[in-house]
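Engineer: Here it is, the structure, as structure tokens.
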Amino acid sequence: MEVVIAPGDELARLAAEAIETLLTGRPQAVLGLATGSSPLKVYDELARRHKDGLSFARARAFMLDEYVGLPDDHPERYRNVIEKEIASRVDFAPGAVRGPDGNAADLARACADYEEAIAAAGGVDLQLLGIGTDGHIAFNEPGSSLASRTRIKTLTRQTRQDNARFFGGSVDDVPRHCLTQGLATIMSARHLVLLATGRAKAEAVHQLVEGPVSAMWPATIMQLHPHATILVDAAAASRLQ
Ligand code: F6R
């Protein structure tokens, strides 16, 4: 596990650089996209590089997770967030960016179909990740099986409180359920790139890098990945030994 401590803008540049290097060598690469605030500067940097010639035209992308039950046009539906923050700003082909369908009539079927789609694409080459203050990656909350695959999960009160800022500050408006790639799904990606900034992430980053591997801090599974890059600013790194 490689840990890089640098200012936020530099972290975004490093993540974008890794994606540009991948796409240059393998234009048909499969990217894993995260939502939340952590990757936003990376998406800004990718949009800038796209203007300078970086193409996503042959690439595909899979999202990590999706809320269950938000209306199709809700601005916080992750499919819409990804469209706004990155997909519409670069040249992905129509249908090249996929996410789990949180409005499917049969959610279990939608999860199984999503796993099949990732496998059929040959797996994810580079997965961007954020981390929750409770140590979740995607929406694998504490107690998630380390062997989990895409499935329906209940969000913790902590995560719903953390995400209330995207819902006008109202925790009651944050959905209670989501579909999320499992920890084993994420671990199947060939390169994991996690970004974390700010003091609120310091304990989770400490556990991720220095804690024992435990389902109670789901991100610790990344210690077992052969190619994991942890990009953190000084505040998020402040509890590292
Ligand atoms: C989002 C996701 C979550 C976030 C995490 C951190 O797709 O899977 O795990 O990465 O909740 O969120 P931010 O970046 O908003 O602090």
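Chain labels A, B, ... are given in the sequence in which chains occur in the structure tokens; within each chain residues are numbered consecutively from 1, and ligands are likewise numbered from 1 in the order shown.
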For Gly99 (chain A), work out the shell of residues within 9 Å, counting only C-alpha atoms and skipping chain neighbours fewer than 6 positions away, then give it as a list in words.

Structural biologist: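 Contacts, in chain order: Ala61, Phe62, Met63, Leu64, Asp65, Glu66, Tyr78, Arg79 and Tyr114 of chain A.
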
Engineer: Write a file of the selected residues as a compact mmCIF listing (two decimals), in the first residue's frame, keeping N, CA and C atoms.

Structural biologist:
```txt
# COMPACT_ATOMS: atom_id res chain seq x y z
N ALA A 61 -16.96 2.89 -17.90
CA ALA A 61 -16.85 3.20 -16.47
C ALA A 61 -18.02 2.59 -15.70
N PHE A 62 -17.70 2.16 -14.49
CA PHE A 62 -18.71 1.62 -13.58
C PHE A 62 -18.69 2.44 -12.29
N MET A 63 -19.88 2.79 -11.85
CA MET A 63 -20.00 3.53 -10.60
C MET A 63 -19.96 2.56 -9.41
N LEU A 64 -19.63 3.12 -8.25
CA LEU A 64 -19.53 2.28 -7.05
C LEU A 64 -20.88 1.92 -6.46
N ASP A 65 -21.80 2.89 -6.50
CA ASP A 65 -23.01 2.70 -5.68
C ASP A 65 -24.11 3.64 -6.14
N GLU A 66 -25.28 3.45 -5.58
CA GLU A 66 -26.44 4.28 -5.93
C GLU A 66 -27.45 4.22 -4.79
N TYR A 78 -26.99 9.23 -7.83
CA TYR A 78 -25.57 9.20 -8.19
C TYR A 78 -25.36 9.16 -9.71
N ARG A 79 -26.30 8.54 -10.42
CA ARG A 79 -26.19 8.52 -11.89
C ARG A 79 -26.17 9.96 -12.42
N TYR A 114 -25.40 -6.29 -12.38
CA TYR A 114 -24.29 -5.33 -12.34
C TYR A 114 -22.95 -6.06 -12.21
```

Engineer: May I have a table of the residues of chain A lying at most 6 Å from ligand 1, giving each one's closest pair of atoms and their distance in Å to one decimal, counting only C-alpha atoms and all ligand atoms, ordered by chain and ascending residue number, as a tab-separated table?

Structural biologist:
```
residue	atom	partner	partner_atom_place_in_ligand_line	distance
A:Ala34	CA	ligand 1	7 (O)	4.0
A:Thr35	CA	ligand 1	7 (O)	3.7
A:Gly36	CA	ligand 1	15 (O)	3.4
A:Ser37	CA	ligand 1	15 (O)	3.8
A:Ser38	CA	ligand 1	14 (O)	3.6
A:Leu64	CA	ligand 1	7 (O)	5.4
A:Asp65	CA	ligand 1	7 (O)	5.5
A:Leu129	CA	ligand 1	10 (O)	5.5
A:Gly130	CA	ligand 1	10 (O)	3.3
A:Ile131	CA	ligand 1	6 (C)	4.4
A:Gly132	CA	ligand 1	11 (O)	4.2
A:His136	CA	ligand 1	9 (O)	5.8
A:Ile137	CA	ligand 1	9 (O)	4.2
A:Ala138	CA	ligand 1	8 (O)	3.0
A:Phe139	CA	ligand 1	9 (O)	5.2
```

Engineer: Generate a file of the selected residues that holds N, CA and C atoms, formatted as a PDB file, in the first residue's frame.

Structural biologist:
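So again21.pdb came out as:
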```
ATOM      1  N   ALA A  34     -16.222   7.127  -8.380  1.00  0.00           N
ATOM      2  CA  ALA A  34     -16.832   7.351  -7.063  1.00  0.00           C
ATOM      3  C   ALA A  34     -17.612   8.660  -7.092  1.00  0.00           C
ATOM      4  N   THR A  35     -18.589   8.774  -6.227  1.00  0.00           N
ATOM      5  CA  THR A  35     -19.277  10.048  -6.043  1.00  0.00           C
ATOM      6  C   THR A  35     -18.830  10.657  -4.713  1.00  0.00           C
ATOM      7  N   GLY A  36     -19.564  11.636  -4.199  1.00  0.00           N
ATOM      8  CA  GLY A  36     -19.132  12.325  -2.986  1.00  0.00           C
ATOM      9  C   GLY A  36     -18.175  13.443  -3.340  1.00  0.00           C
ATOM     10  N   SER A  37     -17.675  14.136  -2.320  1.00  0.00           N
ATOM     11  CA  SER A  37     -16.846  15.310  -2.581  1.00  0.00           C
ATOM     12  C   SER A  37     -15.397  14.960  -2.895  1.00  0.00           C
ATOM     13  N   SER A  38     -14.909  13.810  -2.429  1.00  0.00           N
ATOM     14  CA  SER A  38     -13.475  13.505  -2.563  1.00  0.00           C
ATOM     15  C   SER A  38     -12.947  13.525  -3.998  1.00  0.00           C
ATOM     16  N   LEU A  64     -19.626   3.118  -8.247  1.00  0.00           N
ATOM     17  CA  LEU A  64     -19.527   2.276  -7.050  1.00  0.00           C
ATOM     18  C   LEU A  64     -20.882   1.922  -6.461  1.00  0.00           C
ATOM     19  N   ASP A  65     -21.803   2.885  -6.498  1.00  0.00           N
ATOM     20  CA  ASP A  65     -23.007   2.702  -5.685  1.00  0.00           C
ATOM     21  C   ASP A  65     -24.110   3.643  -6.144  1.00  0.00           C
ATOM     22  N   LEU A 129     -11.749   5.871  -5.227  1.00  0.00           N
ATOM     23  CA  LEU A 129     -12.499   5.656  -3.989  1.00  0.00           C
ATOM     24  C   LEU A 129     -12.386   6.873  -3.083  1.00  0.00           C
ATOM     25  N   GLY A 130     -13.453   7.138  -2.318  1.00  0.00           N
ATOM     26  CA  GLY A 130     -13.360   7.995  -1.141  1.00  0.00           C
ATOM     27  C   GLY A 130     -13.496   7.081   0.072  1.00  0.00           C
ATOM     28  N   ILE A 131     -13.481   7.673   1.252  1.00  0.00           N
ATOM     29  CA  ILE A 131     -13.661   6.872   2.467  1.00  0.00           C
ATOM     30  C   ILE A 131     -14.615   7.625   3.401  1.00  0.00           C
ATOM     31  N   GLY A 132     -15.531   6.904   4.017  1.00  0.00           N
ATOM     32  CA  GLY A 132     -16.436   7.527   4.973  1.00  0.00           C
ATOM     33  C   GLY A 132     -15.745   7.746   6.314  1.00  0.00           C
ATOM     34  N   HIS A 136     -16.131   3.360   5.772  1.00  0.00           N
ATOM     35  CA  HIS A 136     -16.723   2.643   4.634  1.00  0.00           C
ATOM     36  C   HIS A 136     -16.006   3.000   3.337  1.00  0.00           C
ATOM     37  N   ILE A 137     -15.995   2.063   2.398  1.00  0.00           N
ATOM     38  CA  ILE A 137     -15.662   2.360   1.002  1.00  0.00           C
ATOM     39  C   ILE A 137     -16.858   1.896   0.183  1.00  0.00           C
ATOM     40  N   ALA A 138     -17.125   2.620  -0.924  1.00  0.00           N
ATOM     41  CA  ALA A 138     -18.456   2.562  -1.532  1.00  0.00           C
ATOM     42  C   ALA A 138     -19.422   2.699  -0.358  1.00  0.00           C
ATOM     43  N   PHE A 139     -20.493   1.928  -0.287  1.00  0.00           N
ATOM     44  CA  PHE A 139     -21.362   2.019   0.891  1.00  0.00           C
ATOM     45  C   PHE A 139     -21.291   0.729   1.701  1.00  0.00           C
TER      46      PHE A 139
END
```

Engineer: Mind checking which residues fall within 9 Å of Gly123 (chain A), counting only C-alpha atoms, ignoring those fewer than 4 positions away in the same chain, and posting them as an mmCIF file with C-alpha atoms, in the first residue's frame?

Structural biologist:
```
data_model
loop_
_atom_site.group_PDB
_atom_site.id
_atom_site.type_symbol
_atom_site.label_atom_id
_atom_site.label_comp_id
_atom_site.auth_asym_id
_atom_site.auth_seq_id
_atom_site.Cartn_x
_atom_site.Cartn_y
_atom_site.Cartn_z
ATOM 1 C CA VAL A 30 -12.446 0.305 -17.609
ATOM 2 C CA ALA A 117 -21.675 -6.438 -16.482
ATOM 3 C CA ILE A 118 -18.425 -5.622 -14.669
ATOM 4 C CA ALA A 119 -17.105 -9.129 -15.312
ATOM 5 C CA SER A 188 -11.144 -7.244 -7.934
ATOM 6 C CA ALA A 189 -10.159 -3.937 -9.535
ATOM 7 C CA ARG A 190 -6.543 -3.938 -10.675
#
```

Engineer: Calculated over only C-alpha atoms, which of the candidates A:Ala59, A:Ile5, A:Ala202, A:Leu179 has the smallest distance to Asp134 (chain A)?

Structural biologist: A:Ala202

Engineer: Could you find all residues in region 17-238 of chain A that DSSP calls alpha helix (DSSP H) from the backbone, and write them as a PyMOL selection string?

Structural biologist: chain A and resi 17-25+40-51+78-85+107-120+157-163+183-187+202-210

Engineer: Emit the selected residues as a short mmCIF file (atom, residue, chain, number, x, y, z; two decimals), in the first residue's frame, including C-alpha atoms.

Structural biologist:
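Resulting contents of result_25.cif:
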```cif
data_model
loop_
_atom_site.label_atom_id
_atom_site.label_comp_id
_atom_site.auth_asym_id
_atom_site.auth_seq_id
_atom_site.Cartn_x
_atom_site.Cartn_y
_atom_site.Cartn_z
CA GLU A 17 -2.28 11.53 -13.99
CA ALA A 18 -2.78 7.84 -13.15
CA ILE A 19 -6.00 7.82 -15.19
CA GLU A 20 -4.38 9.64 -18.12
CA THR A 21 -1.44 7.21 -18.12
CA LEU A 22 -3.86 4.27 -18.09
CA LEU A 23 -6.00 5.66 -20.94
CA THR A 24 -2.95 6.55 -23.02
CA GLY A 25 -1.65 2.98 -22.83
CA LEU A 40 -14.50 16.30 -7.48
CA LYS A 41 -11.13 17.94 -8.09
CA VAL A 42 -10.01 14.82 -9.97
CA TYR A 43 -13.01 15.18 -12.27
CA ASP A 44 -12.18 18.88 -12.77
CA GLU A 45 -8.64 17.91 -13.68
CA LEU A 46 -9.83 15.17 -16.08
CA ALA A 47 -12.23 17.61 -17.76
CA ARG A 48 -9.31 20.04 -18.18
CA ARG A 49 -7.10 17.30 -19.63
CA HIS A 50 -9.90 16.25 -21.97
CA LYS A 51 -9.84 19.78 -23.43
CA TYR A 78 -25.57 9.20 -8.19
CA ARG A 79 -26.19 8.52 -11.89
CA ASN A 80 -27.06 12.22 -12.26
CA VAL A 81 -24.13 13.35 -10.09
CA ILE A 82 -21.67 11.37 -12.22
CA GLU A 83 -23.27 12.71 -15.40
CA LYS A 84 -22.86 16.28 -14.15
CA GLU A 85 -19.42 16.00 -12.55
CA LEU A 107 -33.06 -4.96 -6.69
CA ALA A 108 -31.34 -8.31 -6.06
CA ARG A 109 -31.49 -9.05 -9.81
CA ALA A 110 -30.12 -5.56 -10.57
CA CYS A 111 -27.15 -6.27 -8.28
CA ALA A 112 -26.42 -9.62 -9.91
CA ASP A 113 -26.73 -8.05 -13.38
CA TYR A 114 -24.29 -5.33 -12.34
CA GLU A 115 -21.69 -7.87 -11.21
CA GLU A 116 -22.11 -9.68 -14.53
CA ALA A 117 -21.68 -6.44 -16.48
CA ILE A 118 -18.43 -5.62 -14.67
CA ALA A 119 -17.10 -9.13 -15.31
CA ALA A 120 -18.20 -9.01 -18.98
CA ARG A 157 -27.05 7.06 10.74
CA GLN A 158 -23.48 8.41 10.60
CA THR A 159 -23.30 8.19 6.80
CA ARG A 160 -26.78 9.70 6.41
CA GLN A 161 -25.72 12.56 8.68
CA ASP A 162 -22.46 13.00 6.75
CA ASN A 163 -24.40 13.13 3.46
CA LEU A 183 -15.71 -5.25 -0.81
CA ALA A 184 -14.72 -8.26 -2.92
CA THR A 185 -16.02 -6.47 -6.04
CA ILE A 186 -13.83 -3.48 -5.26
CA MET A 187 -10.85 -5.69 -4.44
CA ALA A 202 -8.09 11.20 10.05
CA GLU A 203 -9.33 8.31 12.20
CA ALA A 204 -10.61 6.36 9.17
CA VAL A 205 -7.28 6.90 7.37
CA HIS A 206 -5.38 5.79 10.49
CA GLN A 207 -7.43 2.57 10.62
CA LEU A 208 -7.13 2.05 6.85
CA VAL A 209 -3.34 2.25 6.87
CA GLU A 210 -2.37 1.12 10.38
#
```

Engineer: What gap, in Å, lies between CA of Ser238 (chain A) and CA of Phe167 (chain A)?

Structural biologist: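 So the answer is 29.2 Å.
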
Engineer: Work out how far CA of Ala15 (chain A) is from CA of Leu231 (chain A), in Å to one decimal.

Structural biologist: 8.1 Å

Engineer: Mind checking DSSP for region 26-241 of chain A and telling me the strand (DSSP E) residues as a count of residues only?

Structural biologist: 36

Engineer: Can you work out which one of A:Ile152, A:Ala164, A:Ala6, A:Leu126 has the shortest atom-to-atom distance to Cys178 (chain A), counting only C-alpha atoms?

Structural biologist: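 Looking only at the distances to Cys178 (chain A), the closest residue turns out to be A:Ile152.
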
Engineer: Select, from A:Ile86, A:Ile230, A:Val68, A:Leu194, the residue with the minimum atom-to-atom distance to Leu155 (chain A), counting only C-alpha atoms.

Structural biologist: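 For Leu155 (chain A), the nearest of the candidates is A:Val68.
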
Engineer: Could you tell me how far CA of Gln241 (chain A) lies from CA of Gln127 (chain A), in Å and to one decimal?

Structural biologist: 26.5 Å

Engineer: Write out as a ChimeraX atom specification each polymer residue whose atoms come within 7 Å of Asn103 (chain A), counting only C-alpha atoms; drop sequence neighbours fewer than 2 positions from it.

Structural biologist: /A:68-69,101,105

Engineer: Keeping C-alpha atoms for every residue in the selection just given, could you write it to a file as a tab-separated table (two decimals), in the first residue's frame?

Structural biologist:
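Dumped to part.tsv:
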```tsv
chain	number	residue	atom	x	y	z
A	68	VAL	CA	-32.37	3.27	-3.61
A	69	GLY	CA	-35.62	5.00	-4.47
A	101	ASP	CA	-30.09	0.57	-10.80
A	105	ALA	CA	-38.29	-3.53	-9.56
```

Engineer: Using only C-alpha atoms, which of the listed residues (A:Arg149, A:His74, A:Lys201, A:His191) sits closest to Ala29 (chain A)?

Structural biologist: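 Comparing A:Arg149, A:His74, A:Lys201, A:His191 against Ala29 (chain A), the winner is A:His191.
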
Engineer: Pick out the closest residue to Ser148 (chain A) from this set: A:Thr133, A:Asp125, A:Ala215, A:Asp52. Count only C-alpha atoms.

Structural biologist: A:Ala215
